[in-house]
$ cat final34.csv   # CSV, C-alpha atoms
chain,number,residue,atom,x,y,z
W,1096,MET,CA,19.4,7.5,9.2
W,1097,THR,CA,21.4,6.2,6.2
W,1098,SER,CA,23.7,8.6,4.6
W,1099,ALA,CA,22.5,10.1,1.4
W,1100,THR,CA,25.9,9.4,-0.3
W,1101,ARG,CA,25.9,5.7,0.6
W,1102,GLN,CA,25.4,3.4,-2.3
W,1103,PRO,CA,22.5,1.0,-2.0
W,1104,GLU,CA,23.3,-2.6,-1.0
W,1105,THR,CA,22.5,-4.8,-4.0
W,1106,PRO,CA,22.2,-8.6,-4.3
W,1107,ALA,CA,25.2,-10.0,-6.1
W,1108,ALA,CA,23.4,-11.7,-9.0
W,1109,ALA,CA,20.2,-10.3,-10.5
W,1110,VAL,CA,18.0,-10.9,-13.5
W,1111,PRO,CA,17.5,-7.7,-15.6
W,1112,PRO,CA,14.4,-6.0,-14.3
W,1113,ARG,CA,11.2,-5.7,-16.4
W,1114,LEU,CA,9.0,-4.1,-13.7
W,1115,ILE,CA,9.6,-1.7,-10.8
W,1116,ALA,CA,7.0,-1.8,-8.0
W,1117,THR,CA,7.2,1.0,-5.5
W,1118,ASP,CA,5.3,2.0,-2.4
W,1119,LEU,CA,4.4,5.7,-2.2
W,1120,ASP,CA,4.3,7.2,1.4
W,1121,GLY,CA,7.6,6.9,3.1
W,1122,THR,CA,9.2,5.4,0.0
W,1123,LEU,CA,8.7,7.2,-3.4
W,1124,LEU,CA,7.2,10.4,-1.8
W,1125,ARG,CA,9.2,12.7,0.4
W,1126,ASP,CA,7.8,13.5,3.8
W,1127,ASP,CA,6.0,16.6,2.3
W,1128,LYS,CA,4.2,14.2,-0.1
W,1129,SER,CA,6.1,15.6,-3.1
W,1130,VAL,CA,7.8,13.6,-5.9
W,1131,SER,CA,11.2,15.1,-6.3
W,1132,PRO,CA,12.5,16.2,-9.8
W,1133,ARG,CA,15.2,13.5,-9.5
W,1134,THR,CA,12.6,10.8,-8.9
W,1135,VAL,CA,10.4,12.0,-11.7
W,1136,ALA,CA,13.4,11.8,-14.1
W,1137,ALA,CA,14.3,8.3,-12.8
W,1138,LEU,CA,10.8,7.0,-13.3
W,1139,ALA,CA,10.6,8.4,-16.8
W,1140,ALA,CA,14.0,7.0,-17.7
W,1141,ALA,CA,12.9,3.5,-16.5
W,1142,GLU,CA,9.8,3.6,-18.6
W,1143,GLU,CA,11.8,4.8,-21.6
W,1144,ALA,CA,14.2,1.9,-21.1
W,1145,GLY,CA,11.2,-0.5,-21.3
W,1146,ILE,CA,10.8,-1.1,-17.6
W,1147,GLU,CA,7.2,-0.8,-16.4
W,1148,VAL,CA,6.6,1.2,-13.2
W,1149,PHE,CA,3.8,0.2,-10.8
W,1150,PHE,CA,2.8,2.3,-7.9
W,1151,VAL,CA,1.7,-0.1,-5.2
W,1152,THR,CA,0.2,1.6,-2.2
W,1153,GLY,CA,-2.2,1.4,0.8
W,1154,ARG,CA,-3.8,4.6,-0.4
W,1155,PRO,CA,-7.3,4.6,-1.9
W,1156,ALA,CA,-7.7,5.4,-5.5
W,1157,ARG,CA,-9.0,8.9,-4.8
W,1158,TRP,CA,-5.7,9.8,-3.1
W,1159,MET,CA,-3.6,9.1,-6.2
W,1160,ASP,CA,-3.6,12.6,-7.5
W,1161,VAL,CA,-0.2,13.0,-5.9
W,1162,VAL,CA,1.3,10.8,-8.7
W,1163,SER,CA,-1.3,11.1,-11.4
W,1164,ASP,CA,1.1,13.3,-13.4
W,1165,HIS,CA,3.8,10.6,-13.3
W,1166,VAL,CA,2.0,7.6,-14.7
W,1167,HIS,CA,3.4,6.3,-18.0
W,1168,GLY,CA,2.3,3.7,-20.5
W,1169,HIS,CA,-0.2,1.4,-18.8
W,1170,GLY,CA,-1.2,4.0,-16.2
W,1171,LEU,CA,-2.2,1.4,-13.7
W,1172,ALA,CA,-1.7,1.5,-9.9
W,1173,ILE,CA,-2.3,-1.1,-7.2
W,1174,CYS,CA,-4.3,0.6,-4.4
W,1175,GLY,CA,-5.7,-0.3,-1.0
W,1176,ASN,CA,-2.8,-2.8,-0.2
W,1177,GLY,CA,-3.8,-4.9,-3.2
W,1178,ALA,CA,-7.6,-4.6,-3.0
W,1179,ALA,CA,-7.8,-2.7,-6.3
W,1180,VAL,CA,-6.0,-2.2,-9.6
W,1181,VAL,CA,-6.9,1.3,-10.9
W,1182,ASP,CA,-6.4,2.9,-14.2
W,1183,LEU,CA,-5.3,6.5,-13.5
W,1184,HIS,CA,-5.4,7.8,-17.0
W,1185,GLY,CA,-8.6,9.6,-16.4
W,1186,GLY,CA,-7.0,11.9,-13.7
W,1187,PRO,CA,-8.2,12.7,-10.2
W,1188,GLY,CA,-11.8,11.7,-9.7
W,1189,ALA,CA,-12.1,9.9,-13.0
W,1190,HIS,CA,-10.1,6.7,-12.3
W,1191,ARG,CA,-11.4,3.3,-13.4
W,1192,PHE,CA,-11.3,0.2,-11.4
W,1193,VAL,CA,-9.7,-2.6,-13.5
W,1194,LYS,CA,-9.7,-5.2,-10.7
W,1195,VAL,CA,-11.3,-5.3,-7.3
W,1196,ARG,CA,-10.5,-7.9,-4.6
W,1197,GLU,CA,-13.0,-7.2,-1.9
W,1198,LEU,CA,-13.3,-8.0,1.7
W,1199,PRO,CA,-16.6,-10.0,2.2
W,1200,ARG,CA,-18.9,-8.2,4.6
W,1201,LYS,CA,-19.3,-11.3,6.8
W,1202,ASN,CA,-15.5,-11.4,7.1
W,1203,ALA,CA,-15.3,-7.7,7.9
W,1204,LEU,CA,-18.0,-8.1,10.6
W,1205,ALA,CA,-16.2,-11.0,12.1
W,1206,ALA,CA,-12.9,-9.1,12.1
W,1207,VAL,CA,-14.4,-6.1,13.8
W,1208,ARG,CA,-16.0,-8.3,16.5
W,1209,LEU,CA,-12.9,-10.3,17.2
W,1210,LEU,CA,-10.7,-7.3,17.3
W,1211,ARG,CA,-13.0,-5.5,19.7
W,1212,GLU,CA,-13.0,-8.5,22.0
W,1213,ALA,CA,-9.2,-8.7,21.8
W,1214,ALA,CA,-8.6,-5.0,22.2
W,1215,PRO,CA,-11.5,-3.1,23.8
W,1216,GLY,CA,-11.6,0.5,22.7
W,1217,THR,CA,-10.9,-0.2,19.0
W,1218,VAL,CA,-12.7,2.1,16.6
W,1219,CYS,CA,-13.2,1.4,12.9
W,1220,ALA,CA,-13.7,2.9,9.5
W,1221,VAL,CA,-14.9,1.3,6.2
W,1222,GLU,CA,-13.1,1.9,3.0
W,1223,GLN,CA,-15.1,1.1,-0.2
W,1224,THR,CA,-14.4,1.6,-3.8
W,1225,TYR,CA,-15.7,5.2,-3.8
W,1226,GLY,CA,-17.0,5.8,-0.3
W,1227,PHE,CA,-15.4,6.2,3.1
W,1228,TYR,CA,-17.5,5.6,6.3
W,1229,GLN,CA,-16.5,5.7,9.9
W,1230,GLU,CA,-17.6,5.3,13.5
W,1231,PRO,CA,-18.4,8.5,15.4
W,1232,ASP,CA,-15.3,8.0,17.7
W,1233,TYR,CA,-12.9,7.2,14.9
W,1234,PRO,CA,-10.3,10.0,15.0
W,1235,LYS,CA,-9.6,12.5,12.2
W,1236,LEU,CA,-6.7,10.6,10.6
W,1237,HIS,CA,-7.4,11.1,7.0
W,1238,MET,CA,-7.6,14.0,4.6
W,1239,GLU,CA,-11.4,13.8,4.0
W,1240,ILE,CA,-14.8,14.1,5.5
W,1241,PRO,CA,-16.5,10.7,5.9
W,1242,ASP,CA,-19.7,10.0,3.8
W,1243,PHE,CA,-21.5,8.6,6.8
W,1244,LEU,CA,-21.1,8.1,10.6
W,1245,ALA,CA,-22.4,5.0,12.4
W,1246,PRO,CA,-21.2,1.9,14.3
W,1247,ALA,CA,-19.2,-0.5,12.1
W,1248,GLU,CA,-21.9,-3.1,12.4
W,1249,GLU,CA,-24.4,-0.7,10.8
W,1250,LEU,CA,-21.9,0.4,8.2
W,1251,LEU,CA,-21.4,-3.2,7.1
W,1252,ALA,CA,-25.1,-4.1,7.2
W,1253,PRO,CA,-26.9,-5.2,4.0
W,1254,ASP,CA,-28.9,-2.0,3.9
W,1255,ALA,CA,-26.1,0.3,4.8
W,1256,PRO,CA,-25.2,3.4,2.8
W,1257,GLY,CA,-23.0,2.2,0.0
W,1258,ALA,CA,-24.1,-1.4,0.4
W,1259,ASP,CA,-23.9,-1.8,-3.4
W,1260,GLU,CA,-20.1,-1.0,-3.3
W,1261,PRO,CA,-17.4,-3.6,-2.5
W,1262,VAL,CA,-15.6,-3.2,0.8
W,1263,LEU,CA,-11.9,-2.8,0.1
W,1264,LYS,CA,-10.6,-2.7,3.7
W,1265,ILE,CA,-11.4,-2.0,7.3
W,1266,LEU,CA,-9.3,0.6,9.2
W,1267,ALA,CA,-9.0,-0.2,12.9
W,1268,TYR,CA,-7.5,2.3,15.3
W,1269,HIS,CA,-6.6,2.0,19.0
W,1270,PRO,CA,-5.6,5.1,21.0
W,1271,THR,CA,-3.2,3.4,23.5
W,1272,VAL,CA,-1.9,0.1,22.2
W,1273,ASP,CA,1.6,-0.1,20.8
W,1274,PRO,CA,1.3,-0.3,16.9
W,1275,ASP,CA,3.4,-3.5,16.5
W,1276,ALA,CA,1.7,-5.2,19.4
W,1277,PHE,CA,-1.7,-4.2,18.0
W,1278,LEU,CA,-0.8,-5.8,14.6
W,1279,THR,CA,0.4,-9.0,16.3
W,1280,LEU,CA,-2.8,-9.2,18.5
W,1281,ALA,CA,-5.1,-8.6,15.5
W,1282,ARG,CA,-3.5,-11.2,13.3
W,1283,LEU,CA,-3.9,-13.8,16.1
W,1284,ALA,CA,-7.5,-12.8,16.8
W,1285,ILE,CA,-8.7,-12.6,13.2
W,1286,GLY,CA,-6.7,-15.5,11.7
W,1287,GLU,CA,-7.4,-16.4,8.1
W,1288,ARG,CA,-10.7,-14.5,7.9
W,1289,ALA,CA,-8.8,-11.4,6.6
W,1290,ASN,CA,-5.3,-10.1,5.9
W,1291,VAL,CA,-4.1,-7.6,8.5
W,1292,THR,CA,-1.3,-5.2,8.1
W,1293,ARG,CA,-0.3,-1.6,8.9
W,1294,SER,CA,1.4,1.3,7.2
W,1295,SER,CA,0.9,4.1,9.7
W,1296,PRO,CA,3.3,5.0,12.6
W,1297,SER,CA,0.2,5.0,14.9
W,1298,ALA,CA,-1.9,2.0,16.0
W,1299,LEU,CA,-3.9,1.9,12.8
W,1300,LEU,CA,-4.5,-1.4,11.2
W,1301,GLU,CA,-5.6,-2.1,7.6
W,1302,ILE,CA,-7.7,-5.2,7.2
W,1303,SER,CA,-8.2,-6.6,3.7
W,1304,GLY,CA,-9.8,-9.7,2.2
W,1305,PRO,CA,-8.2,-13.2,2.8
W,1306,GLU,CA,-4.9,-13.5,1.0
W,1307,VAL,CA,-5.2,-9.9,-0.4
W,1308,SER,CA,-1.9,-8.1,-0.2
W,1309,LYS,CA,0.3,-5.9,-2.3
W,1310,ALA,CA,2.3,-9.0,-3.2
W,1311,SER,CA,-0.6,-11.2,-4.3
W,1312,THR,CA,-2.1,-8.5,-6.5
W,1313,LEU,CA,1.2,-7.5,-8.0
W,1314,ALA,CA,1.8,-11.2,-8.7
W,1315,LEU,CA,-1.5,-11.3,-10.7
W,1316,CYS,CA,-0.6,-8.2,-12.6
W,1317,CYS,CA,2.9,-9.6,-13.4
W,1318,ALA,CA,1.4,-13.0,-14.5
W,1319,GLU,CA,-0.8,-11.2,-17.0
W,1320,ARG,CA,2.3,-9.6,-18.5
W,1321,GLY,CA,4.4,-12.7,-18.5
W,1322,ILE,CA,6.8,-11.2,-15.9
W,1323,SER,CA,8.3,-13.5,-13.3
W,1324,HIS,CA,9.0,-12.4,-9.7
W,1325,GLU,CA,12.8,-12.5,-10.5
W,1326,GLU,CA,12.2,-9.7,-13.0
W,1327,VAL,CA,10.6,-7.4,-10.4
W,1328,VAL,CA,12.4,-4.8,-8.3
W,1329,ALA,CA,10.4,-3.6,-5.3
W,1330,PHE,CA,10.7,-0.7,-2.8
W,1331,GLY,CA,9.0,-0.2,0.6
W,1332,ASP,CA,9.2,1.1,4.1
W,1333,MET,CA,6.4,-0.4,6.3
W,1334,PRO,CA,4.9,-3.8,7.3
W,1335,ASN,CA,2.4,-3.6,4.5
W,1336,ASP,CA,5.3,-3.9,2.1
W,1337,VAL,CA,6.9,-7.0,3.6
W,1338,GLU,CA,5.1,-9.6,1.5
W,1339,MET,CA,5.9,-7.6,-1.7
W,1340,LEU,CA,9.5,-7.2,-0.8
W,1341,THR,CA,9.8,-10.9,0.0
W,1342,TRP,CA,8.2,-11.9,-3.3
W,1343,ALA,CA,10.2,-9.7,-5.6
W,1344,GLY,CA,13.4,-10.9,-7.1
W,1345,ARG,CA,15.2,-7.8,-5.8
W,1346,SER,CA,13.8,-5.6,-3.1
W,1347,TYR,CA,15.0,-2.5,-1.2
W,1348,ALA,CA,14.2,-1.3,2.2
W,1349,MET,CA,14.3,2.5,2.5
W,1350,GLY,CA,16.8,4.1,4.9
W,1351,ASN,CA,13.8,5.1,7.1
W,1352,ALA,CA,12.2,1.6,7.0
W,1353,HIS,CA,10.6,-0.4,9.8
W,1354,PRO,CA,12.8,-3.2,11.1
W,1355,ASP,CA,10.6,-5.9,9.7
W,1356,VAL,CA,11.0,-4.4,6.2
W,1357,ILE,CA,14.8,-4.3,6.6
W,1358,ALA,CA,14.7,-7.9,7.5
W,1359,ALA,CA,12.5,-8.8,4.5
W,1360,ALA,CA,14.3,-6.9,1.8
W,1361,SER,CA,17.2,-8.2,-0.2
W,1362,GLY,CA,18.9,-4.8,-0.3
W,1363,ARG,CA,18.8,-1.3,1.3
W,1364,THR,CA,18.8,2.1,-0.1
W,1365,VAL,CA,18.8,5.6,1.4
W,1366,ALA,CA,15.8,7.3,2.9
W,1367,ASN,CA,12.7,8.6,1.0
W,1368,ASN,CA,13.8,12.2,1.6
W,1369,ASP,CA,17.1,11.4,0.0
W,1370,ASP,CA,15.5,10.0,-3.2
W,1371,GLY,CA,16.3,6.4,-2.3
W,1372,VAL,CA,14.1,4.9,-5.1
W,1373,ALA,CA,15.8,7.2,-7.7
W,1374,VAL,CA,19.2,6.2,-6.5
W,1375,VAL,CA,18.5,2.5,-7.2
W,1376,ILE,CA,16.8,3.1,-10.5
W,1377,GLU,CA,19.7,5.2,-11.7
W,1378,ARG,CA,22.1,2.4,-10.8
W,1379,LEU,CA,20.0,-0.3,-12.4
W,1380,LEU,CA,19.8,1.7,-15.7
W,1381,ALA,CA,23.6,2.3,-15.6
W,1382,GLU,CA,24.1,-1.4,-15.2
W,1383,ARG,CA,22.1,-2.0,-18.3
W,1384,GLY,CA,24.5,0.1,-20.3
$ encode --input "final34.csv" --output "structure tokens"
Amino acid sequence: MTSATRQPETPAAAVPPRLIATDLDGTLLRDDKSVSPRTVAALAAAEEAGIEVFFVTGRPARWMDVVSDHVHGHGLAICGNGAAVVDLHGGPGAHRFVKVRELPRKNALAAVRLLREAAPGTVCAVEQTYGFYQEPDYPKLHMEIPDFLAPAEELLAPDAPGADEPVLKILAYHPTVDPDAFLTLARLAIGERANVTRSSPSALLEISGPEVSKASTLALCCAERGISHEEVVAFGDMPNDVEMLTWAGRSYAMGNAHPDVIAAASGRTVANNDDGVAVVIERLLAERG
């Protein structure tokens, strides 16, 4: 664990930031899922200084109440690992989807089939814009009751419940395979049919549309604002953050980060429980004078 008093490692030369992109769980949020007063103050100070803050998370939109009190200005968040851009101004349960990058159902079905062949015993759930559906054997990993139980093939059928809603991602769980090994296996099996990543410490994969990632959706949002990747500072802790951290001009792996994240980031900060995001934001603002 990195010391809470250690200063973050920062790239020697950097363009002044115009946007901060931060993951939530394991990054901005403490382990108890709270946003510390120090972090709240740092986010507000960044916005006041004219730096936009984007929450970029694997969470679905309906789980964003944890930060709904801390959105500023634009009020947008990137959810579902890049599958959706959501306006949080309406508050919990009243969010508006600004952009949806769906996983085509034929790709989802192919991914499920290939993953089952490669790792027998895999069970799945389907995350849609508003609904959550799962197979009967899928474990209780989430903080909600599924809308419907059925095999994944039925959940993805043209006449399935919620068939009129876009599929944002497939969740695939295996009870015994090592999490990193499961990710590698799935990427090899599924190939370019979908983007596969993970953010859980368990063997739980998140399968999105082809080329859909936190990085690619963040890049779209930045392009709309005339912001270059050099002007972005990003924070993360798990494999689903790697592309974003690689893309951003400056990026920080948390003190509690996965080894792949540490390798991808250009800098390091302290752990989420030690307010690692706030530590860096405070330093960035001090550098601006």
$ atom_distance --input "final34.csv" --atom1 "CA of Val1221 in chain W" --atom2 "CA of Leu1280 in chain W"
20.2 Å
$ closest_atom_pairs --input "final34.csv" --of "range 1116-1230 of chain W" --to "range 1366-1384 of chain W" --cutoff "7 Å" --atoms "all atoms listed in the file" --output "tab-separated table"
residue	atom	partner	partner_atom	distance
W:Gly1121	CA	W:Asn1367	CA	5.8
W:Thr1122	CA	W:Asn1367	CA	4.8
W:Leu1123	CA	W:Asn1367	CA	6.1
W:Leu1124	CA	W:Asn1367	CA	6.4
W:Arg1125	CA	W:Asn1368	CA	4.8
W:Asp1126	CA	W:Asn1368	CA	6.5
W:Arg1133	CA	W:Ala1373	CA	6.6
W:Thr1134	CA	W:Ala1373	CA	5.0
W:Ala1137	CA	W:Ala1373	CA	5.4
$ residues_around --input "final34.csv" --residues "Pro1334 in chain W" --least-positions-apart "6" --cutoff "9 Å" --atoms "only C-alpha atoms" --output "list in words"
Thr1292, Arg1293, Ser1294, His1353, Pro1354, Asp1355 and Val1356 of chain W
$ residues_around --input "final34.csv" --residues "Ala1352 in chain W" --least-positions-apart "2" --cutoff "8 Å" --atoms "all atoms listed in the file" --output "list in words"
Gly1331, Asp1332, Met1333, Ala1348, Met1349, Gly1350, Pro1354, Val1356, Ile1357 and Ala1366 of chain W
$ atom_distance --input "final34.csv" --atom1 "CA of Leu1204 in chain W" --atom2 "CA of Glu1248 in chain W"
6.6 Å
$ residues_near_point --input "final34.csv" --point "(-16.7, 0.2, 14.6)" --cutoff "10 Å" --atoms "all atoms listed in the file" --output "ChimeraX atom specification"
/W:1204,1207-1208,1210-1211,1216-1221,1228-1233,1244-1251,1265-1268
$ residues_around --input "final34.csv" --residues "Glu1325 in chain W" --least-positions-apart "3" --cutoff "9 Å" --atoms "all atoms listed in the file" --output "tab-separated table (two decimals) with C-alpha atoms, keeping the file's coordinate frame"
chain	number	residue	atom	x	y	z
W	1109	ALA	CA	20.20	-10.30	-10.50
W	1110	VAL	CA	18.00	-10.90	-13.50
W	1111	PRO	CA	17.50	-7.70	-15.60
W	1112	PRO	CA	14.40	-6.00	-14.30
W	1322	ILE	CA	6.80	-11.20	-15.90
W	1328	VAL	CA	12.40	-4.80	-8.30
W	1342	TRP	CA	8.20	-11.90	-3.30
W	1343	ALA	CA	10.20	-9.70	-5.60
W	1344	GLY	CA	13.40	-10.90	-7.10
W	1345	ARG	CA	15.20	-7.80	-5.80
$ atom_distance --input "final34.csv" --atom1 "CA of Leu1171 in chain W" --atom2 "CA of Ser1303 in chain W"
20.1 Å
$ residues_around --input "final34.csv" --residues "range 1180-1184 of chain W" --least-positions-apart "5" --cutoff "12 Å" --atoms "all atoms listed in the file" --output "MDAnalysis selection string"
chainID W and resid 1149:1175 1189:1197 1224:1225 1263 1308:1309 1311:1316
$ closest_residue --input "final34.csv" --among "W:Arg1282, W:His1269, W:Arg1200, W:Lys1264" --to "Ile1302 in chain W" --atoms "only C-alpha atoms"
W:Lys1264
$ residues_around --input "final34.csv" --residues "Ala1298 in chain W" --least-positions-apart "6" --cutoff "7 Å" --atoms "all atoms listed in the file" --output "list in words"
Tyr1268, His1269, Pro1270, Val1272, Asp1273, Pro1274 and Phe1277 of chain W
$ closest_residue --input "final34.csv" --among "W:Pro1253, W:Pro1241, W:Gly1226, W:Gly1362" --to "Lys1201 in chain W" --atoms "only C-alpha atoms"
W:Pro1253
$ axis_aligned_box --input "final34.csv" --around "range 1293-1296 of chain W" --padding-each-side "6 Å" --output "lines of an AutoDock Vina configuration file"
center_x = 1.5
center_y = 1.7
center_z = 9.9
size_x = 15.6
size_y = 18.6
size_z = 17.4
